>>> print(open('start03.txt').read())   # compact mmCIF, C-alpha atoms
# COMPACT_ATOMS: atom_id res chain seq x y z
CA MET A 146 -5.17 69.21 26.77
CA GLY A 147 -2.37 69.42 24.29
CA HIS A 148 -0.77 67.47 21.47
CA SER A 149 2.99 67.41 20.82
CA ASN A 150 4.29 70.95 21.41
CA GLY A 151 0.84 71.78 22.77
CA ALA A 152 1.35 69.00 25.31
CA GLU A 153 4.52 70.71 26.51
CA ILE A 154 2.60 73.95 26.93
CA ALA A 155 -0.12 72.09 28.85
CA ILE A 156 2.47 70.44 31.11
CA ILE A 157 4.10 73.78 31.92
CA HIS A 158 0.68 75.32 32.60
CA ALA A 159 -0.41 72.47 34.87
CA GLY A 160 2.95 72.60 36.64
CA THR A 161 2.51 76.30 37.41
CA ASN A 162 -1.22 76.47 38.10
CA GLU A 163 -2.79 74.48 40.92
CA ARG A 164 -6.30 75.27 39.65
CA VAL A 165 -5.92 72.79 36.78
CA LYS A 166 -8.37 69.95 37.46
CA GLY A 167 -7.07 67.50 34.87
CA LEU A 168 -4.40 67.25 32.19
CA VAL A 169 -4.43 65.30 28.92
CA VAL A 170 -1.21 65.12 26.92
CA GLU A 171 -0.91 63.40 23.57
CA ALA A 172 2.54 62.62 22.10
CA PRO A 173 4.24 64.79 24.74
CA HIS A 174 7.93 65.60 25.01
CA VAL A 175 9.51 66.41 28.35
CA PHE A 176 13.07 66.46 27.02
CA LEU A 177 14.74 66.18 23.64
CA GLU A 178 15.78 62.67 22.66
CA ASP A 179 17.79 61.68 19.59
CA VAL A 180 14.78 60.20 17.80
CA THR A 181 13.01 63.56 18.11
CA PHE A 182 15.99 65.53 16.83
CA ASN A 183 16.48 63.12 13.91
CA ALA A 184 12.81 63.26 12.87
CA ILE A 185 12.80 67.06 13.01
CA ALA A 186 15.98 67.15 10.91
CA ALA A 187 14.29 64.83 8.40
CA ALA A 188 11.24 67.13 8.37
CA LYS A 189 13.53 70.00 7.36
CA VAL A 190 14.77 68.01 4.37
CA ALA A 191 11.19 67.10 3.45
CA PHE A 192 10.13 70.74 3.70
CA GLU A 193 12.93 71.76 1.35
CA THR A 194 12.56 68.92 -1.18
CA THR A 195 8.89 67.87 -1.32
CA ASP A 196 5.41 69.39 -1.49
CA LEU A 197 5.29 69.67 2.33
CA PRO A 198 5.07 73.50 2.19
CA ARG A 199 1.94 73.23 0.05
CA LYS A 200 0.40 70.67 2.43
CA LEU A 201 1.15 72.84 5.45
CA GLY A 202 -0.28 75.83 3.58
CA ARG A 203 -3.73 74.28 3.98
CA HIS A 204 -3.42 74.79 7.74
CA HIS A 205 -1.17 77.86 8.06
CA ALA A 206 -1.45 81.31 6.48
CA ASP A 207 2.34 81.41 6.21
CA ALA A 208 3.59 77.82 6.03
CA GLU A 209 7.22 78.88 5.69
CA MET A 210 7.13 81.02 8.83
CA ALA A 211 5.21 78.39 10.84
CA PHE A 212 7.56 75.60 9.80
CA ARG A 213 10.78 77.56 10.29
CA GLY A 214 9.58 78.90 13.65
CA TRP A 215 9.16 75.32 14.86
CA ASN A 216 11.99 73.58 13.03
CA ASP A 217 14.75 76.13 13.53
CA ILE A 218 14.26 76.21 17.30
CA TRP A 219 14.21 72.43 17.76
CA LEU A 220 17.35 72.03 15.61
CA HIS A 221 19.33 74.82 17.28
CA PRO A 222 22.35 73.28 19.08
CA ASP A 223 21.46 75.00 22.37
CA PHE A 224 18.02 73.37 22.28
CA ARG A 225 19.56 69.91 22.80
CA ARG A 226 19.50 70.67 26.54
CA TRP A 227 15.76 71.51 26.54
CA ASN A 228 13.98 69.78 29.41
CA ILE A 229 10.70 70.50 31.23
CA GLU A 230 10.85 67.66 33.76
CA GLU A 231 11.03 70.24 36.56
CA TYR A 232 7.29 70.89 36.06
CA LEU A 233 6.22 67.26 36.45
CA PRO A 234 6.49 66.97 40.27
CA ARG A 235 4.43 70.16 40.58
CA ILE A 236 1.46 68.54 38.81
CA LYS A 237 -1.02 67.23 41.37
CA CYS A 238 -4.10 66.81 39.18
CA PRO A 239 -5.07 63.61 37.35
CA VAL A 240 -3.21 63.09 34.07
CA LEU A 241 -4.02 61.09 30.96
CA ALA A 242 -0.89 60.64 28.82
CA ILE A 243 -1.26 59.16 25.33
CA GLN A 244 1.54 57.91 23.11
CA GLY A 245 1.83 55.79 19.98
CA TYR A 246 4.49 53.11 19.77
CA ASP A 247 5.24 54.17 16.18
CA ASP A 248 5.65 57.89 16.90
CA GLU A 249 8.55 59.09 14.79
CA TYR A 250 9.06 62.10 17.08
CA GLY A 251 9.26 60.41 20.47
CA THR A 252 9.23 57.23 22.49
CA MET A 253 7.53 55.90 25.60
CA VAL A 254 10.29 57.38 27.80
CA HIS A 255 8.23 60.57 27.98
CA LEU A 256 5.20 58.72 29.36
CA GLU A 257 7.42 56.90 31.83
CA ALA A 258 8.89 60.22 32.99
CA ILE A 259 5.39 61.62 33.45
CA ALA A 260 4.21 58.51 35.32
CA SER A 261 7.19 58.47 37.66
CA GLN A 262 7.38 62.20 38.42
CA VAL A 263 3.82 63.60 38.47
CA ARG A 264 2.37 63.72 41.99
CA GLY A 265 -1.24 63.21 40.90
CA PRO A 266 -2.76 60.01 39.50
CA VAL A 267 -1.53 59.15 36.02
CA GLU A 268 -3.22 56.99 33.39
CA LEU A 269 -1.11 55.92 30.41
CA LEU A 270 -2.56 55.00 27.05
CA LYS A 271 0.11 53.32 24.92
CA LEU A 272 -1.17 52.58 21.44
CA ALA A 273 0.14 50.03 18.96
CA HIS A 274 0.02 50.85 15.24
CA CYS A 275 -0.02 54.52 16.14
CA GLY A 276 2.29 57.36 15.17
CA HIS A 277 2.61 60.97 16.28
CA SER A 278 -1.11 61.75 16.00
CA PRO A 279 -3.04 59.25 18.12
CA HIS A 280 -6.27 61.20 17.59
CA ARG A 281 -5.94 60.45 13.85
CA ASP A 282 -4.33 56.99 13.99
CA GLN A 283 -6.46 55.54 16.80
CA PRO A 284 -9.44 57.93 17.12
CA GLN A 285 -11.78 55.46 18.81
CA ALA A 286 -9.26 54.46 21.48
CA VAL A 287 -8.40 58.10 22.18
CA LEU A 288 -12.05 59.15 22.34
CA GLU A 289 -12.92 56.31 24.71
CA ALA A 290 -9.99 57.13 27.01
CA LEU A 291 -10.86 60.85 26.97
CA THR A 292 -14.51 60.11 27.72
CA ARG A 293 -13.62 57.90 30.71
CA PHE A 294 -11.05 60.41 31.97
CA VAL A 295 -13.42 63.39 31.80
CA ALA A 296 -16.24 61.35 33.38
CA ARG A 297 -13.97 60.55 36.35
CA LEU A 298 -13.05 64.22 36.69
CA ALA A 299 -16.71 65.26 36.58
CA GLY A 300 -17.84 62.44 38.88
>>> encode(input="start03.txt", output="structure tokens")
Amino acid sequence: MGHSNGAEIAIIHAGTNERVKGLVVEAPHVFLEDVTFNAIAAAKVAFETTDLPRKLGRHHADAEMAFRGWNDIWLHPDFRRWNIEEYLPRIKCPVLAIQGYDDEYGTMVHLEAIASQVRGPVELLKLAHCGHSPHRDQPQAVLEALTRFVARLAG
């Protein structure tokens, strides 16, 4: 299971490891779209002009390093070609993919790519009134979907 960049890591892992029994991705990216790039560019401005470093400091020992390590890579011109779709057809296990309609970092095109390219069964959870963190914005819906998904895997 992974959220956002963690979802990309989970996709790559599931696409290179046939022992994975199930995959849950929340707010995944399988390529870089303009909305993602624009939101990350806006995050850079917010980091430099607001109290965002202090807020991130609650979760990171070195907020500056954590932020720059993420932001600088995603905004690098060469990163515009980033794409992990090659891993999707290699995934044969069941997948639960979760995305909010109001996610400022990505759109439903990532879920559609997952649904059309993964070889295993795919369940999509598309959530209204939900941004980049479905587990925070729609915790009950996410928990219910996770519970059903894991029960099917265990069954």
>>> residues_around(input="start03.txt", residues="region 165-176 of chain A", least_positions_apart="6", cutoff="6 Å", atoms="all atoms listed in the file", output="ChimeraX atom specification")
/A:146-149,152,159,227-230,238-244,255
>>> closest_residue(input="start03.txt", among="A:Gly251, A:Leu269, A:His158, A:Gly245", to="Gln283 (chain A)", atoms="only C-alpha atoms")
A:Gly245
>>> closest_residue(input="start03.txt", among="A:Ala208, A:Tyr246, A:Thr195, A:Pro266", to="Phe294 (chain A)", atoms="only C-alpha atoms")
A:Pro266
>>> residues_around(input="start03.txt", residues="Ala211 (chain A)", least_positions_apart="6", cutoff="10 Å", atoms="only C-alpha atoms", output="VMD selection string")
chain A and resid 198 201 to 202 204 to 205
>>> closest_residue(input="start03.txt", among="A:Asp207, A:Val190, A:Ile236, A:Arg281", to="Arg164 (chain A)", atoms="all atoms listed in the file")
A:Ile236
>>> closest_residue(input="start03.txt", among="A:Phe192, A:Tyr232, A:Phe224, A:Trp219", to="Ile259 (chain A)", atoms="only C-alpha atoms")
A:Tyr232
>>> closest_residue(input="start03.txt", among="A:Leu291, A:Leu270, A:Leu197, A:Leu256", to="Phe212 (chain A)", atoms="only C-alpha atoms")
A:Leu197
>>> decode(input="start03.txt", residues="region 208-241 of chain A", atoms="N, CA and C atoms", output="PDB file, in the first residue's frame")
ATOM      1  N   ALA A 208      12.930  19.575   7.587  1.00  0.00           N
ATOM      2  CA  ALA A 208      11.859  19.900   6.644  1.00  0.00           C
ATOM      3  C   ALA A 208      12.405  20.451   5.329  1.00  0.00           C
ATOM      4  N   GLU A 209      13.431  21.264   5.415  1.00  0.00           N
ATOM      5  CA  GLU A 209      14.031  21.839   4.201  1.00  0.00           C
ATOM      6  C   GLU A 209      14.559  20.740   3.291  1.00  0.00           C
ATOM      7  N   MET A 210      15.320  19.815   3.836  1.00  0.00           N
ATOM      8  CA  MET A 210      15.883  18.730   3.037  1.00  0.00           C
ATOM      9  C   MET A 210      14.778  17.838   2.466  1.00  0.00           C
ATOM     10  N   ALA A 211      13.793  17.487   3.285  1.00  0.00           N
ATOM     11  CA  ALA A 211      12.703  16.634   2.814  1.00  0.00           C
ATOM     12  C   ALA A 211      11.935  17.319   1.683  1.00  0.00           C
ATOM     13  N   PHE A 212      11.609  18.581   1.874  1.00  0.00           N
ATOM     14  CA  PHE A 212      10.847  19.301   0.858  1.00  0.00           C
ATOM     15  C   PHE A 212      11.652  19.443  -0.426  1.00  0.00           C
ATOM     16  N   ARG A 213      12.874  19.922  -0.308  1.00  0.00           N
ATOM     17  CA  ARG A 213      13.702  20.140  -1.514  1.00  0.00           C
ATOM     18  C   ARG A 213      13.986  18.822  -2.232  1.00  0.00           C
ATOM     19  N   GLY A 214      14.199  17.754  -1.478  1.00  0.00           N
ATOM     20  CA  GLY A 214      14.442  16.453  -2.101  1.00  0.00           C
ATOM     21  C   GLY A 214      13.277  16.010  -2.966  1.00  0.00           C
ATOM     22  N   TRP A 215      12.067  16.311  -2.530  1.00  0.00           N
ATOM     23  CA  TRP A 215      10.859  15.986  -3.300  1.00  0.00           C
ATOM     24  C   TRP A 215      10.628  17.017  -4.404  1.00  0.00           C
ATOM     25  N   ASN A 216      10.586  18.274  -4.047  1.00  0.00           N
ATOM     26  CA  ASN A 216      10.192  19.338  -4.950  1.00  0.00           C
ATOM     27  C   ASN A 216      11.178  19.531  -6.095  1.00  0.00           C
ATOM     28  N   ASP A 217      12.459  19.550  -5.777  1.00  0.00           N
ATOM     29  CA  ASP A 217      13.462  19.812  -6.815  1.00  0.00           C
ATOM     30  C   ASP A 217      13.445  18.741  -7.906  1.00  0.00           C
ATOM     31  N   ILE A 218      13.244  17.498  -7.513  1.00  0.00           N
ATOM     32  CA  ILE A 218      13.216  16.409  -8.503  1.00  0.00           C
ATOM     33  C   ILE A 218      12.008  16.553  -9.418  1.00  0.00           C
ATOM     34  N   TRP A 219      10.825  16.740  -8.830  1.00  0.00           N
ATOM     35  CA  TRP A 219       9.600  16.811  -9.626  1.00  0.00           C
ATOM     36  C   TRP A 219       9.579  18.037 -10.545  1.00  0.00           C
ATOM     37  N   LEU A 220      10.297  19.102 -10.179  1.00  0.00           N
ATOM     38  CA  LEU A 220      10.314  20.300 -11.018  1.00  0.00           C
ATOM     39  C   LEU A 220      11.477  20.339 -12.003  1.00  0.00           C
ATOM     40  N   HIS A 221      12.370  19.381 -11.918  1.00  0.00           N
ATOM     41  CA  HIS A 221      13.503  19.344 -12.852  1.00  0.00           C
ATOM     42  C   HIS A 221      12.969  19.111 -14.274  1.00  0.00           C
ATOM     43  N   PRO A 222      13.453  19.869 -15.263  1.00  0.00           N
ATOM     44  CA  PRO A 222      12.927  19.737 -16.635  1.00  0.00           C
ATOM     45  C   PRO A 222      12.987  18.310 -17.181  1.00  0.00           C
ATOM     46  N   ASP A 223      14.018  17.554 -16.850  1.00  0.00           N
ATOM     47  CA  ASP A 223      14.126  16.180 -17.341  1.00  0.00           C
ATOM     48  C   ASP A 223      13.046  15.273 -16.756  1.00  0.00           C
ATOM     49  N   PHE A 224      12.498  15.663 -15.617  1.00  0.00           N
ATOM     50  CA  PHE A 224      11.495  14.822 -14.949  1.00  0.00           C
ATOM     51  C   PHE A 224      10.144  14.874 -15.664  1.00  0.00           C
ATOM     52  N   ARG A 225       9.957  15.825 -16.569  1.00  0.00           N
ATOM     53  CA  ARG A 225       8.681  15.924 -17.288  1.00  0.00           C
ATOM     54  C   ARG A 225       8.377  14.654 -18.084  1.00  0.00           C
ATOM     55  N   ARG A 226       9.400  13.875 -18.389  1.00  0.00           N
ATOM     56  CA  ARG A 226       9.214  12.632 -19.143  1.00  0.00           C
ATOM     57  C   ARG A 226       8.984  11.417 -18.241  1.00  0.00           C
ATOM     58  N   TRP A 227       8.968  11.626 -16.922  1.00  0.00           N
ATOM     59  CA  TRP A 227       8.824  10.524 -15.972  1.00  0.00           C
ATOM     60  C   TRP A 227       7.532   9.756 -16.241  1.00  0.00           C
ATOM     61  N   ASN A 228       7.638   8.429 -16.260  1.00  0.00           N
ATOM     62  CA  ASN A 228       6.487   7.588 -16.562  1.00  0.00           C
ATOM     63  C   ASN A 228       6.788   6.171 -16.064  1.00  0.00           C
ATOM     64  N   ILE A 229       5.864   5.601 -15.286  1.00  0.00           N
ATOM     65  CA  ILE A 229       6.057   4.224 -14.798  1.00  0.00           C
ATOM     66  C   ILE A 229       4.979   3.278 -15.338  1.00  0.00           C
ATOM     67  N   GLU A 230       4.339   3.668 -16.429  1.00  0.00           N
ATOM     68  CA  GLU A 230       3.299   2.804 -17.007  1.00  0.00           C
ATOM     69  C   GLU A 230       3.832   1.435 -17.412  1.00  0.00           C
ATOM     70  N   GLU A 231       5.115   1.327 -17.692  1.00  0.00           N
ATOM     71  CA  GLU A 231       5.679   0.036 -18.094  1.00  0.00           C
ATOM     72  C   GLU A 231       5.471  -1.046 -17.033  1.00  0.00           C
ATOM     73  N   TYR A 232       5.311  -0.649 -15.762  1.00  0.00           N
ATOM     74  CA  TYR A 232       5.124  -1.618 -14.681  1.00  0.00           C
ATOM     75  C   TYR A 232       3.689  -2.127 -14.588  1.00  0.00           C
ATOM     76  N   LEU A 233       2.743  -1.367 -15.102  1.00  0.00           N
ATOM     77  CA  LEU A 233       1.336  -1.726 -14.918  1.00  0.00           C
ATOM     78  C   LEU A 233       0.970  -3.077 -15.523  1.00  0.00           C
ATOM     79  N   PRO A 234       1.347  -3.399 -16.769  1.00  0.00           N
ATOM     80  CA  PRO A 234       0.969  -4.700 -17.329  1.00  0.00           C
ATOM     81  C   PRO A 234       1.627  -5.897 -16.617  1.00  0.00           C
ATOM     82  N   ARG A 235       2.647  -5.628 -15.844  1.00  0.00           N
ATOM     83  CA  ARG A 235       3.328  -6.696 -15.103  1.00  0.00           C
ATOM     84  C   ARG A 235       2.607  -7.033 -13.797  1.00  0.00           C
ATOM     85  N   ILE A 236       1.645  -6.206 -13.402  1.00  0.00           N
ATOM     86  CA  ILE A 236       0.925  -6.418 -12.141  1.00  0.00           C
ATOM     87  C   ILE A 236      -0.233  -7.368 -12.395  1.00  0.00           C
ATOM     88  N   LYS A 237      -0.194  -8.515 -11.720  1.00  0.00           N
ATOM     89  CA  LYS A 237      -1.215  -9.545 -11.911  1.00  0.00           C
ATOM     90  C   LYS A 237      -2.103  -9.712 -10.681  1.00  0.00           C
ATOM     91  N   CYS A 238      -1.726  -9.100  -9.579  1.00  0.00           N
ATOM     92  CA  CYS A 238      -2.490  -9.235  -8.340  1.00  0.00           C
ATOM     93  C   CYS A 238      -3.676  -8.263  -8.339  1.00  0.00           C
ATOM     94  N   PRO A 239      -4.639  -8.486  -7.458  1.00  0.00           N
ATOM     95  CA  PRO A 239      -5.747  -7.531  -7.320  1.00  0.00           C
ATOM     96  C   PRO A 239      -5.234  -6.156  -6.877  1.00  0.00           C
ATOM     97  N   VAL A 240      -5.888  -5.118  -7.385  1.00  0.00           N
ATOM     98  CA  VAL A 240      -5.497  -3.742  -7.098  1.00  0.00           C
ATOM     99  C   VAL A 240      -6.728  -2.951  -6.655  1.00  0.00           C
ATOM    100  N   LEU A 241      -6.550  -2.171  -5.601  1.00  0.00           N
ATOM    101  CA  LEU A 241      -7.519  -1.161  -5.200  1.00  0.00           C
ATOM    102  C   LEU A 241      -6.844   0.182  -5.421  1.00  0.00           C
TER     103      LEU A 241
END
